[in-house]
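Contents: one structure, followed by commentary.
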Amino acid sequence: MNNVTIMNHPLLQHKISRLRDEETGTNEFRSLVEEIAMLMGYEALSDLPTEEVPVKTPIETCMTPVIAGRKLAVVPILRAGLGMVSGITALVPTAKIGHIGLYRDEETHEPHEYYCKLPDPINERLIVVTDPMLATGGSAVAAVNFIKEHGGKNIKFLCIIAAPEGVKRLHEAHPDIQIYVGHLDRELNENAYICPGLGDAGDRIFGTK
């Protein structure tokens, strides 16, 4: 799967291990998600186009690279994906932010849309979709479907922890997008939770049960 990048940076893995710990409280968990998203975003955005512009230093004027255009869109899958947004926007403060709301049917584990608002025009933007967990892949596939239906083309998907089943499903449904995974876990259990995972990312980010 050439479009899948499994990250192995020691700093990233250390922070993910802290996320897993059931003793990690809400405040630290939230901060860790932001830090991990920033580290992942740094890698995922390594192919951003640049252009040379003149800059006057205290010594002389030189031509130096800046990011070409300001057309990045960050689209979190609600609600857990919101936790990763500030990490990406810390890198690119001019990024626009969209939202996709999905809920998972408790019996079928399939996603249903309840909200979708994307920056316009979405077809001209690099779109970074965020969700801490890629479990069955249903929500991720649905979110990318919605973005494509609205005209989005250049899409990257960032998740902190993924199950092999979810990566396979997203890759097969959307082989044209780039998928970035902080850690590939062992499997899904019978309740479609990632093992060993970290529990419910949304509950742990927002302090809910």
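Just remember, in the structure tokens the first chain shown is A, the second B, etc., residues are 1-based per chain, and ligands are 1-based in the order shown.
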Next on the checklist: Based on the backbone DSSP call, show me all residues of range 70-206 of chain A assigned alpha helix (DSSP H), as JSON, numbers by chain.
Outcome noted: {"A": [82, 83, 84, 85, 86, 87, 88, 89, 90, 91, 138, 139, 140, 141, 142, 143, 144, 145, 146, 147, 148, 149, 164, 165, 166, 167, 168, 169, 170, 171, 172, 173, 201, 202, 203, 204, 205, 206]}
Give me the residues within 12 Å of Glu190 in chain A as a PDB file with C-alpha atoms, in the first residue's frame, counting only C-alpha atoms and dropping any in the same chain fewer than 4 places off.
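Done, and the output landed in around15.pdb:
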ATOM      1  CA  GLU A 106     -24.088   0.692  17.988  1.00  0.00           C
ATOM      2  CA  GLU A 107     -25.336  -2.514  16.357  1.00  0.00           C
ATOM      3  CA  THR A 108     -23.976  -2.342  12.802  1.00  0.00           C
ATOM      4  CA  HIS A 109     -20.956  -0.129  13.666  1.00  0.00           C
ATOM      5  CA  ALA A 135     -11.004   1.373  13.640  1.00  0.00           C
ATOM      6  CA  THR A 136     -13.378  -0.281  11.161  1.00  0.00           C
ATOM      7  CA  ILE A 194      -8.911  -1.147  18.549  1.00  0.00           C
ATOM      8  CA  CYS A 195      -6.671  -3.468  20.588  1.00  0.00           C
TER       9      CYS A 195
END
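Distances to Lys71 in chain A were evaluated for A:Ile177, A:Met84, A:Val33, A:Ile122 using only C-alpha atoms, and the minimum falls at A:Ile122.
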Next on the checklist: Let me make sure I understand: among A:Gly152, A:Gly137, A:Gly81, A:Gly25, which one has the smallest atom-to-atom distance to Glu124 in chain A if we use only C-alpha atoms?
Outcome noted: A:Gly152
Find the spatial neighbours of Leu11 in chain A, counting only C-alpha atoms, within a cut-off of 9 Å - ignore same-chain residues fewer than 5 positions away - and output them as an mmCIF file with N, CA and C atoms, in the first residue's frame.
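As a result, out.cif now contains:
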data_model
loop_
_atom_site.group_PDB
_atom_site.id
_atom_site.type_symbol
_atom_site.label_atom_id
_atom_site.label_comp_id
_atom_site.auth_asym_id
_atom_site.auth_seq_id
_atom_site.Cartn_x
_atom_site.Cartn_y
_atom_site.Cartn_z
ATOM 1 N N ILE A 16 2.481 8.544 22.104
ATOM 2 C CA ILE A 16 1.366 7.617 21.923
ATOM 3 C C ILE A 16 1.280 6.647 23.110
ATOM 4 N N ILE A 36 0.991 15.293 19.163
ATOM 5 C CA ILE A 36 1.118 14.212 18.183
ATOM 6 C C ILE A 36 0.650 14.679 16.811
ATOM 7 N N LEU A 39 3.338 16.757 15.243
ATOM 8 C CA LEU A 39 4.434 15.935 14.726
ATOM 9 C C LEU A 39 4.028 15.215 13.441
#
Item to check | All residues 7 Å or closer to Val75 in chain A, only C-alpha atoms, same chain fewer than 4 positions away omitted, as JSON, numbers by chain | outcome: {"A": [97, 98, 99, 100, 127, 128, 129, 130]}
Item to check | All residues 12 Å or closer to Lys209 in chain A, only C-alpha atoms, same chain fewer than 4 positions away omitted, as a PyMOL selection string | outcome: chain A and resi 26+199-205
